[in-house]
Each structure stands twice: as C-alpha cells, then as structure tokens.
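Heads up, target-v9.cif below (mmCIF, C-alpha atoms):
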data_model
loop_
_atom_site.label_atom_id
_atom_site.label_comp_id
_atom_site.auth_asym_id
_atom_site.auth_seq_id
_atom_site.Cartn_x
_atom_site.Cartn_y
_atom_site.Cartn_z
CA MET A 1 10.28 -18.37 49.03
CA THR A 2 8.90 -16.69 45.92
CA THR A 3 9.94 -15.25 42.58
CA ALA A 4 8.09 -13.53 39.72
CA PHE A 5 8.86 -12.75 36.10
CA PRO A 6 6.99 -11.81 32.89
CA ALA A 7 5.71 -14.70 30.75
CA LEU A 8 2.88 -15.48 28.32
CA GLY A 9 1.83 -11.82 28.24
CA THR A 10 1.28 -11.77 32.01
CA THR A 11 3.24 -12.35 35.23
CA ALA A 12 4.41 -15.77 36.34
CA GLU A 13 4.86 -16.23 40.08
CA LEU A 14 6.22 -19.26 41.91
CA LEU A 15 6.19 -19.99 45.63
CA VAL A 16 7.78 -23.07 47.22
CA THR A 17 7.88 -24.32 50.80
CA ASP A 18 11.59 -25.25 50.59
CA PRO A 19 13.80 -22.21 49.87
CA ALA A 20 16.64 -24.45 48.67
CA ARG A 21 14.44 -25.71 45.83
CA LEU A 22 13.40 -22.31 44.47
CA GLY A 23 16.15 -21.98 41.85
CA PRO A 24 15.69 -25.38 40.18
CA ALA A 25 11.90 -25.07 40.53
CA VAL A 26 11.98 -21.78 38.63
CA ALA A 27 13.94 -23.53 35.86
CA VAL A 28 11.17 -26.14 35.61
CA LEU A 29 8.50 -23.45 35.45
CA ARG A 30 10.35 -21.54 32.74
CA GLU A 31 10.73 -24.74 30.73
CA GLU A 32 7.01 -25.49 30.94
CA LEU A 33 6.10 -21.92 29.94
CA ALA A 34 8.49 -21.93 26.99
CA ALA A 35 7.05 -25.24 25.80
CA ILE A 36 3.41 -24.10 25.99
CA ASP A 37 4.29 -20.86 24.19
CA GLU A 38 6.08 -22.72 21.42
CA ALA A 39 3.14 -25.08 21.00
CA CYS A 40 0.13 -22.81 21.45
CA SER A 41 0.97 -19.14 20.85
CA ARG A 42 -1.16 -17.61 18.11
CA PHE A 43 1.21 -14.61 18.03
CA ARG A 44 4.31 -16.57 16.99
CA PRO A 45 4.59 -17.50 13.31
CA ASP A 46 6.90 -20.36 14.29
CA SER A 47 4.57 -21.89 16.88
CA GLU A 48 3.09 -25.30 16.24
CA ILE A 49 -0.45 -23.95 16.28
CA SER A 50 0.49 -21.38 13.61
CA ARG A 51 1.81 -24.19 11.43
CA LEU A 52 -1.44 -26.07 12.03
CA HIS A 53 -3.37 -23.06 10.72
CA GLU A 54 -1.17 -23.01 7.62
CA ALA A 55 -2.07 -26.67 7.00
CA ALA A 56 -5.83 -26.11 7.38
CA GLY A 57 -7.89 -28.70 5.53
CA ARG A 58 -5.17 -31.35 5.74
CA GLU A 59 -4.52 -34.07 8.30
CA VAL A 60 -1.62 -33.12 10.58
CA ARG A 61 0.14 -35.09 13.29
CA VAL A 62 0.81 -32.68 16.15
CA GLY A 63 3.29 -32.93 18.99
CA PRO A 64 2.38 -34.35 22.41
CA LEU A 65 1.97 -30.97 24.14
CA LEU A 66 -0.24 -29.40 21.47
CA ALA A 67 -2.28 -32.62 21.41
CA GLU A 68 -2.74 -32.36 25.17
CA ALA A 69 -3.65 -28.66 24.93
CA LEU A 70 -6.09 -29.28 22.11
CA GLY A 71 -7.69 -32.16 23.99
CA VAL A 72 -8.07 -29.94 27.07
CA ALA A 73 -9.65 -27.15 24.99
CA LEU A 74 -12.13 -29.50 23.31
CA ARG A 75 -13.04 -31.02 26.68
CA ALA A 76 -13.71 -27.51 28.02
CA ALA A 77 -15.96 -26.80 25.05
CA ARG A 78 -17.85 -30.04 25.53
CA LEU A 79 -18.34 -29.58 29.28
CA THR A 80 -19.56 -25.98 28.85
CA GLU A 81 -21.69 -26.81 25.80
CA GLY A 82 -19.68 -24.34 23.73
CA LEU A 83 -19.53 -21.44 26.19
CA VAL A 84 -15.74 -21.83 26.13
CA ASP A 85 -14.82 -22.67 22.55
CA PRO A 86 -11.31 -22.76 21.01
CA THR A 87 -12.66 -21.72 17.57
CA VAL A 88 -13.12 -18.07 18.66
CA GLY A 89 -9.75 -17.12 17.15
CA ALA A 90 -11.19 -15.12 14.23
CA ALA A 91 -13.65 -13.31 16.51
CA VAL A 92 -10.92 -12.31 18.95
CA ARG A 93 -8.78 -11.01 16.10
CA ALA A 94 -11.72 -9.09 14.64
CA LEU A 95 -12.04 -7.27 17.96
CA GLY A 96 -8.43 -6.11 17.60
CA TYR A 97 -6.62 -8.68 19.72
CA ASP A 98 -4.45 -9.84 16.84
CA ARG A 99 -1.01 -9.53 18.43
CA ASP A 100 0.62 -9.71 21.85
CA PHE A 101 -1.49 -7.64 24.21
CA ALA A 102 1.25 -5.09 24.87
CA SER A 103 1.09 -4.18 21.16
CA VAL A 104 -2.71 -4.07 20.74
CA ALA A 105 -3.76 -0.73 19.29
CA ALA A 106 -5.46 1.61 21.76
CA ASP A 107 -8.32 2.25 19.35
CA ARG A 108 -9.39 1.32 15.85
CA ASN A 109 -11.97 3.06 13.78
CA THR A 110 -13.75 0.12 12.20
CA THR A 111 -15.73 -2.62 13.87
CA PRO A 112 -16.50 -5.61 11.61
CA ALA A 113 -19.84 -7.32 12.14
CA ALA A 114 -19.54 -10.01 14.80
CA SER A 115 -20.35 -13.58 13.84
CA PRO A 116 -20.59 -16.75 15.96
CA ALA A 117 -17.57 -19.02 16.31
CA PRO A 118 -17.56 -21.89 13.78
CA GLY A 119 -17.84 -24.39 16.65
CA TRP A 120 -15.47 -26.81 18.37
CA HIS A 121 -17.31 -29.82 16.91
CA ARG A 122 -15.90 -28.99 13.46
CA ILE A 123 -12.38 -29.93 14.53
CA LEU A 124 -11.47 -33.52 13.70
CA PHE A 125 -9.13 -34.85 16.38
CA ASP A 126 -7.77 -38.33 17.05
CA PRO A 127 -5.99 -37.98 20.41
CA ALA A 128 -4.54 -41.50 20.37
CA ARG A 129 -2.67 -40.84 17.12
CA ARG A 130 -2.41 -37.06 17.66
CA LEU A 131 -4.01 -36.41 14.27
CA VAL A 132 -5.87 -33.15 13.64
CA VAL A 133 -7.84 -31.79 10.71
CA LEU A 134 -8.53 -28.09 11.16
CA PRO A 135 -11.15 -26.92 8.64
CA ARG A 136 -10.23 -24.02 6.39
CA GLY A 137 -11.35 -20.71 7.84
CA VAL A 138 -11.33 -21.96 11.44
CA HIS A 139 -8.84 -20.16 13.67
CA LEU A 140 -7.96 -21.49 17.10
CA ASP A 141 -7.41 -19.51 20.28
CA LEU A 142 -6.47 -21.71 23.24
CA GLY A 143 -6.17 -18.76 25.61
CA ALA A 144 -8.94 -19.97 27.92
CA THR A 145 -7.15 -23.24 28.71
CA ALA A 146 -3.48 -23.30 27.60
CA LYS A 147 -2.14 -20.96 30.31
CA ALA A 148 -4.12 -22.87 32.92
CA LEU A 149 -2.71 -26.14 31.58
CA ALA A 150 0.81 -24.73 31.99
CA ALA A 151 0.06 -23.91 35.64
CA ASP A 152 -1.22 -27.44 36.27
CA ARG A 153 1.72 -29.10 34.55
CA ALA A 154 4.35 -26.93 36.23
CA ALA A 155 3.00 -27.24 39.78
CA ARG A 156 2.63 -31.02 39.52
CA ARG A 157 6.10 -31.42 38.03
CA ILE A 158 7.78 -29.20 40.64
CA HIS A 159 6.19 -31.11 43.51
CA THR A 160 6.93 -34.51 41.96
CA THR A 161 10.55 -33.59 41.18
CA PHE A 162 11.54 -31.81 44.38
CA GLY A 163 9.01 -33.05 46.96
CA CYS A 164 8.21 -29.60 48.29
CA GLY A 165 4.92 -27.75 48.20
CA ALA A 166 4.52 -25.42 45.22
CA LEU A 167 2.12 -22.69 44.14
CA VAL A 168 2.18 -21.50 40.54
CA ASN A 169 0.35 -18.30 39.64
CA LEU A 170 0.06 -17.32 35.97
CA GLY A 171 -1.81 -14.03 35.90
CA GLY A 172 -4.55 -15.24 38.23
CA ASP A 173 -4.50 -18.89 37.17
CA LEU A 174 -3.24 -20.65 40.31
CA ARG A 175 -2.36 -24.25 41.08
CA ALA A 176 -1.16 -25.64 44.39
CA ALA A 177 0.60 -29.01 44.56
CA GLY A 178 2.11 -30.82 47.51
CA PRO A 179 2.06 -29.80 51.17
CA PRO A 180 1.18 -26.12 51.71
CA PRO A 181 2.67 -23.88 54.39
CA THR A 182 0.92 -23.73 57.76
CA GLY A 183 -2.48 -22.14 57.25
CA GLY A 184 -2.45 -22.78 53.51
CA TRP A 185 -1.39 -20.55 50.66
CA GLN A 186 -2.84 -17.09 51.30
CA ILE A 187 -4.35 -15.79 48.05
CA ALA A 188 -5.24 -12.13 47.59
CA LEU A 189 -8.03 -11.50 45.09
CA GLY A 190 -8.88 -8.28 43.29
CA ASP A 191 -9.73 -6.76 39.92
CA ASP A 192 -6.02 -6.43 39.12
CA HIS A 193 -4.03 -9.54 40.02
CA ALA A 194 -0.78 -7.55 39.97
CA ALA A 195 -2.04 -5.06 42.55
CA ALA A 196 -4.14 -7.44 44.65
CA VAL A 197 -1.35 -8.33 47.08
CA GLY A 198 -1.06 -4.73 48.22
CA ARG A 199 -4.78 -3.91 47.93
CA PRO A 200 -6.79 -7.14 48.11
CA ASP A 201 -10.55 -7.16 47.93
CA VAL A 202 -10.56 -10.46 49.79
CA THR A 203 -8.06 -13.12 50.89
CA VAL A 204 -8.65 -16.88 50.83
CA ALA A 205 -6.51 -19.90 51.69
CA LEU A 206 -5.60 -22.63 49.21
CA HIS A 207 -4.57 -26.02 50.48
CA ARG A 208 -2.98 -29.13 49.01
CA ASP A 209 -3.63 -30.04 45.37
CA CYS A 210 -6.28 -27.53 44.45
CA ALA A 211 -6.66 -24.66 42.03
CA LEU A 212 -8.18 -21.23 41.73
CA ALA A 213 -8.70 -19.12 38.63
CA THR A 214 -9.99 -15.59 38.17
CA SER A 215 -11.30 -14.31 34.86
CA GLY A 216 -12.09 -10.64 34.47
CA THR A 217 -12.82 -7.80 32.11
CA THR A 218 -10.90 -4.98 33.80
CA ARG A 219 -7.31 -5.77 32.73
CA ARG A 220 -7.10 -6.91 29.11
CA ARG A 221 -9.37 -4.28 27.58
CA TRP A 222 -8.98 -1.69 24.86
CA ARG A 223 -10.96 0.68 22.66
CA HIS A 224 -12.15 -0.67 19.33
CA GLY A 225 -14.59 0.97 16.96
CA GLY A 226 -15.58 3.58 19.52
CA ARG A 227 -16.33 1.16 22.37
CA THR A 228 -14.45 -0.67 25.10
CA VAL A 229 -13.89 -4.37 24.45
CA HIS A 230 -11.93 -7.11 26.23
CA HIS A 231 -10.40 -10.52 25.64
CA ILE A 232 -13.34 -12.73 26.65
CA VAL A 233 -15.60 -13.52 23.70
CA ASP A 234 -19.02 -15.15 23.69
CA PRO A 235 -18.68 -17.90 21.05
CA ARG A 236 -22.43 -17.74 20.43
CA THR A 237 -22.17 -14.18 19.08
CA GLY A 238 -18.49 -13.63 18.32
CA ASP A 239 -18.66 -10.46 20.43
CA VAL A 240 -17.92 -9.53 24.03
CA PRO A 241 -20.64 -10.66 26.45
CA GLU A 242 -23.14 -8.27 27.96
CA PRO A 243 -21.48 -6.73 31.03
CA ARG A 244 -22.59 -8.36 34.28
CA TRP A 245 -19.42 -9.48 36.10
CA ARG A 246 -16.10 -7.72 36.24
CA THR A 247 -14.39 -10.74 37.85
CA ALA A 248 -15.28 -14.39 38.36
CA SER A 249 -13.12 -16.52 40.67
CA VAL A 250 -13.67 -20.29 40.76
CA ALA A 251 -12.06 -23.05 42.84
CA ALA A 252 -11.63 -26.53 41.36
CA LYS A 253 -9.33 -29.55 41.37
CA SER A 254 -7.34 -28.28 38.39
CA THR A 255 -6.52 -24.84 37.03
CA VAL A 256 -7.92 -25.89 33.67
CA ASP A 257 -11.31 -26.67 35.21
CA ALA A 258 -11.25 -23.52 37.33
CA ASN A 259 -10.41 -21.22 34.42
CA THR A 260 -12.87 -22.95 32.11
CA ALA A 261 -15.62 -22.27 34.63
CA SER A 262 -14.58 -18.70 35.40
CA THR A 263 -14.49 -17.86 31.69
CA ALA A 264 -17.90 -19.47 31.18
CA ALA A 265 -19.25 -17.40 34.08
CA ILE A 266 -18.24 -14.12 32.41
CA VAL A 267 -19.91 -15.29 29.19
CA LEU A 268 -23.09 -16.43 30.96
CA GLY A 269 -23.62 -13.16 32.83
CA PRO A 270 -26.79 -13.28 34.97
CA GLN A 271 -27.08 -17.09 34.67
CA ALA A 272 -23.53 -17.71 35.97
CA ALA A 273 -24.24 -18.30 39.67
CA GLY A 274 -26.88 -20.94 39.02
CA TRP A 275 -24.72 -22.63 36.38
CA LEU A 276 -21.77 -22.85 38.80
CA GLU A 277 -23.91 -24.04 41.70
CA ARG A 278 -25.41 -26.86 39.63
CA ARG A 279 -21.88 -28.03 38.91
CA HIS A 280 -20.89 -27.80 42.59
CA LEU A 281 -18.16 -25.26 41.83
CA PRO A 282 -17.32 -22.79 44.62
CA ALA A 283 -17.10 -19.29 43.15
CA ARG A 284 -17.04 -15.59 43.93
CA LEU A 285 -18.54 -13.25 41.34
CA VAL A 286 -18.06 -9.49 41.49
CA GLY A 287 -20.53 -7.43 39.48
CA VAL A 288 -19.68 -4.38 37.40
CA ASP A 289 -21.40 -2.30 40.09
CA GLY A 290 -19.47 -3.98 42.90
CA ASP A 291 -22.08 -6.46 44.16
CA VAL A 292 -20.65 -9.81 45.27
CA VAL A 293 -22.27 -13.22 44.79
CA THR A 294 -20.77 -16.47 46.10
CA THR A 295 -21.80 -20.06 45.51
CA PRO A 296 -21.83 -22.86 48.14
CA GLY A 297 -18.40 -24.10 49.15
CA TRP A 298 -16.55 -20.86 48.47
CA PRO A 299 -13.62 -20.77 50.98
CA GLU A 300 -14.10 -18.76 54.11
CA ALA A 301 -12.65 -15.40 53.19
CA ARG A 302 -11.07 -12.48 54.99
CA GLU A 303 -12.61 -9.35 53.52
CA ALA A 304 -10.52 -6.23 53.11
CA ALA A 305 -11.01 -3.62 55.81
#
Could you show the structure in this file as structure tokens?
Amino acid sequence: MTTAFPALGTTAELLVTDPARLGPAVAVLREELAAIDEACSRFRPDSEISRLHEAAGREVRVGPLLAEALGVALRAARLTEGLVDPTVGAAVRALGYDRDFASVAADRNTTPAASPAPGWHRILFDPARRLVVLPRGVHLDLGATAKALAADRAARRIHTTFGCGALVNLGGDLRAAGPPPTGGWQIALGDDHAAAVGRPDVTVALHRDCALATSGTTRRRWRHGGRTVHHIVDPRTGDVPEPRWRTASVAAKSTVDANTASTAAIVLGPQAAGWLERRHLPARLVGVDGDVVTTPGWPEAREAA
C-alpha cells in the first residue's frame, strides 16, 4: 500500500508491506517531517535554525533534532572534505534561492560575485551538550542532509513501531527498512522523480535496510542574472558546478550517506566516478548529454525499452 503528499518543498511517498499499518505509518511520517521542518527550515522565521542565525556569535543550546541534523551535516562535510558543506547558505541565497522553491523568482537581473563558503570548520559544536556557536556572517543550509535524515528516521521508526517493511521516498531520497516485498522495492529512476514511475529511465530493486538517493540539476533550476542556475552549489566557489552530470544516483546504508555522495558527485563533475569507486559506493551517473556511467556494485537494472 502507498500514499503520497506534498512536504518539504517536494513529494513525500510512503509504501508499507502491511496495508493495515498504512494510516498510522503515515502519521509517523508526517510527524517526522513536521519536526525536521520546524528544526531546520531556512525559510521559516520561527524555525530553530532561523533563531540560531539570529544568535550568531553567541553560544546556543539547540534541541536534540537540530543537534542531530547539525552533527550529520558536519560529518558529511568532513567525509567529503568540504564538497558538501552546510555553510553554503549565503551562496545559495545569492543565486536567488532565498525562499521556498515554489516562490523563487523566474529570473533576476543582477548576479552578485560568487564567493567560497566560509567553511564547516568555523562552526563550534559540542554534540554532547548540544552547544553551538555560529560565527557572524555564516549562514547554514542543511538541504543536502536534513531531508535525507528525515527519510532515515521515519523509515526506521515505522518499521520499529509497526514491524512491517517500509519505504520512504522524499523527492528521490529513499530509505527502506524492514522486510521488503517479494523481489524487493522496485525503484524507477529518471531526471524527474515525479514522472519516473510512468517514464522510467531505469528500474532497480532495493532490499532490506538500504538507501538510494538521486541528486540532479534538471528539477530545481531557475534563471538568474541571464543564466540557468540550480540548487546544488560548489562550496569551493560559491557558484553552481560546471555541468557534467544531470543526475547522480548512489546506493548506501543510509539515505544521509547516499545523498551526501550524490551531491558530492554533482559538485565533482568529471572526477565523480573515481571518487565514488574509491569509496566503494555503487552509483549511476547520467551526463548532460545522456551518457551513463556506473560504478562497481550498482544494482542490476532493467533499462527502459
């Protein structure tokens, strides 16, 4: 059984192996999504992360969920050596993504000079005491990890609470937990996650307790200063990366790890396949011209006819 609804600026989809558990499982998913939005949304003035920005330069004790999300984001930055960096907030806003995506202006006439992200290492964070000092002028954007964290948390909680298999899909960030249906969860991949079910480029199977994330440049894009830009920023420049891949799909043990790697792949461009292979991460990269590159371990796929 499955259901879908809008959330976090994308579509949330839930599938469970026990139809009787769908209703209460959806309630759990909605609760997790509401909590991550309240903690991490940079578009809500009442979110906890917005209040953290207002207290920049001072030590702040944050709530358990924001502390977890911040720890996950800093871990992603450390593991990717800054390719995925939560301090890109100012750069993303400078490109015009300064409000919920549905309200982003179609075009803007000015393009401010891009500058590198301040760097994740500037954030002082004591996870044991949940204490944070955010330097003045540093703006956080947890978009590369917070949605993925919500998928991980929700899938685990649904399986633990109800005992059934569950698949959570948040706009291409997927997490499976518990026993899958016979043959595994069938996942349709494409440039547009919303249209992929009807027109998949390829279909793969996900099994128990694994994750898949797809990052791409074809959906969240807009015109800014006379050029097309998108939501993935290279922290090293503060600008969109040079176009090499239109989508990067990565399989991992958690959605956070999968989405961290898929985002890093878009940023890395031509070096992505080697970077993923050295980290033993199965991936499928689709180039802007349609060429497809996979790394060892990528699930056996059924290509579209």
State, in Å with one decimal place, the distance from CA of Asp37 (chain A) to CA of Ala91 (chain A).
-> 20.9 Å
Could you give me, as a list in words, the residues that have an atom at most 8 Å away from the point (-17.6, -10.6, 22.8) in the coordinates of the file, using all atoms listed in the file?
->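 Taken together, the residues in range are Ala91, Val92, Val229, His230, His231, Ile232, Val233, Asp234, Pro235, Thr237, Gly238, Asp239, Val240, Pro241 and Glu242 of chain A.
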Write out, as a PDB file, keeping the file's coordinate frame, the residues just selected, with C-alpha atoms.
ATOM      1  CA  ALA A  91     -13.650 -13.310  16.510  1.00  0.00           C
ATOM      2  CA  VAL A  92     -10.920 -12.310  18.950  1.00  0.00           C
ATOM      3  CA  VAL A 229     -13.890  -4.370  24.450  1.00  0.00           C
ATOM      4  CA  HIS A 230     -11.930  -7.110  26.230  1.00  0.00           C
ATOM      5  CA  HIS A 231     -10.400 -10.520  25.640  1.00  0.00           C
ATOM      6  CA  ILE A 232     -13.340 -12.730  26.650  1.00  0.00           C
ATOM      7  CA  VAL A 233     -15.600 -13.520  23.700  1.00  0.00           C
ATOM      8  CA  ASP A 234     -19.020 -15.150  23.690  1.00  0.00           C
ATOM      9  CA  PRO A 235     -18.680 -17.900  21.050  1.00  0.00           C
ATOM     10  CA  THR A 237     -22.170 -14.180  19.080  1.00  0.00           C
ATOM     11  CA  GLY A 238     -18.490 -13.630  18.320  1.00  0.00           C
ATOM     12  CA  ASP A 239     -18.660 -10.460  20.430  1.00  0.00           C
ATOM     13  CA  VAL A 240     -17.920  -9.530  24.030  1.00  0.00           C
ATOM     14  CA  PRO A 241     -20.640 -10.660  26.450  1.00  0.00           C
ATOM     15  CA  GLU A 242     -23.140  -8.270  27.960  1.00  0.00           C
TER      16      GLU A 242
END
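Picked out by the PyMOL selection byres ((chain A and resi 245) around 6) when it runs on this file: Arg244, Arg246, Thr247, Val286, Gly287 and Val288 of chain A.
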Please write as a count of residues only the full residue list that the PyMOL selection byres ((chain A and resi 5-11) around 6) yields on this file.
-> 4
Pick from A:Val256, A:Leu206, A:Ala35, A:Ala177: nearest to Ala76 (chain A), with all atoms listed in the file counted?
-> A:Val256
Mind checking which residues fall within 9 Å of Ala265 (chain A), counting only C-alpha atoms, ignoring those fewer than 4 positions away in the same chain, and posting them as number ranges by chain?
-> A: 83, 215, 245, 248, 260-261, 269-273, 275-276, 285
Could you tell me, as a VMD selection string, which residues have any atom at most 12 Å from (-12.0, -36.7, 11.8), counting only C-alpha atoms?
-> chain A and resid 57 to 60 121 to 127 129 to 135
What is the distance, in Å and to one decimal place, between CA of Trp120 (chain A) and CA of Glu38 (chain A)?
-> 22.1 Å
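Note on the selection: in this file the PyMOL selection byres ((chain A and resi 141) around 10) comes out as Cys40, Ser41, Arg42, Ile49, Ala73, Asp85, Pro86, Thr87, Val88, Gly89, Ala90, Ala91, Val92, Arg93, Val138, His139, Leu140, Leu142, Gly143, Ala144, Thr145 and Ala146 of chain A.
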Which residue of A:Leu66, A:Ala55, A:Thr80, A:Arg175 approaches Glu13 (chain A) most closely, using all atoms listed in the file |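 Checking each candidate against Glu13 (chain A), we get A:Arg175 as the closest.
Going from CA of Arg236 (chain A) to CA of Gly216 (chain A) covers 18.8 Å.
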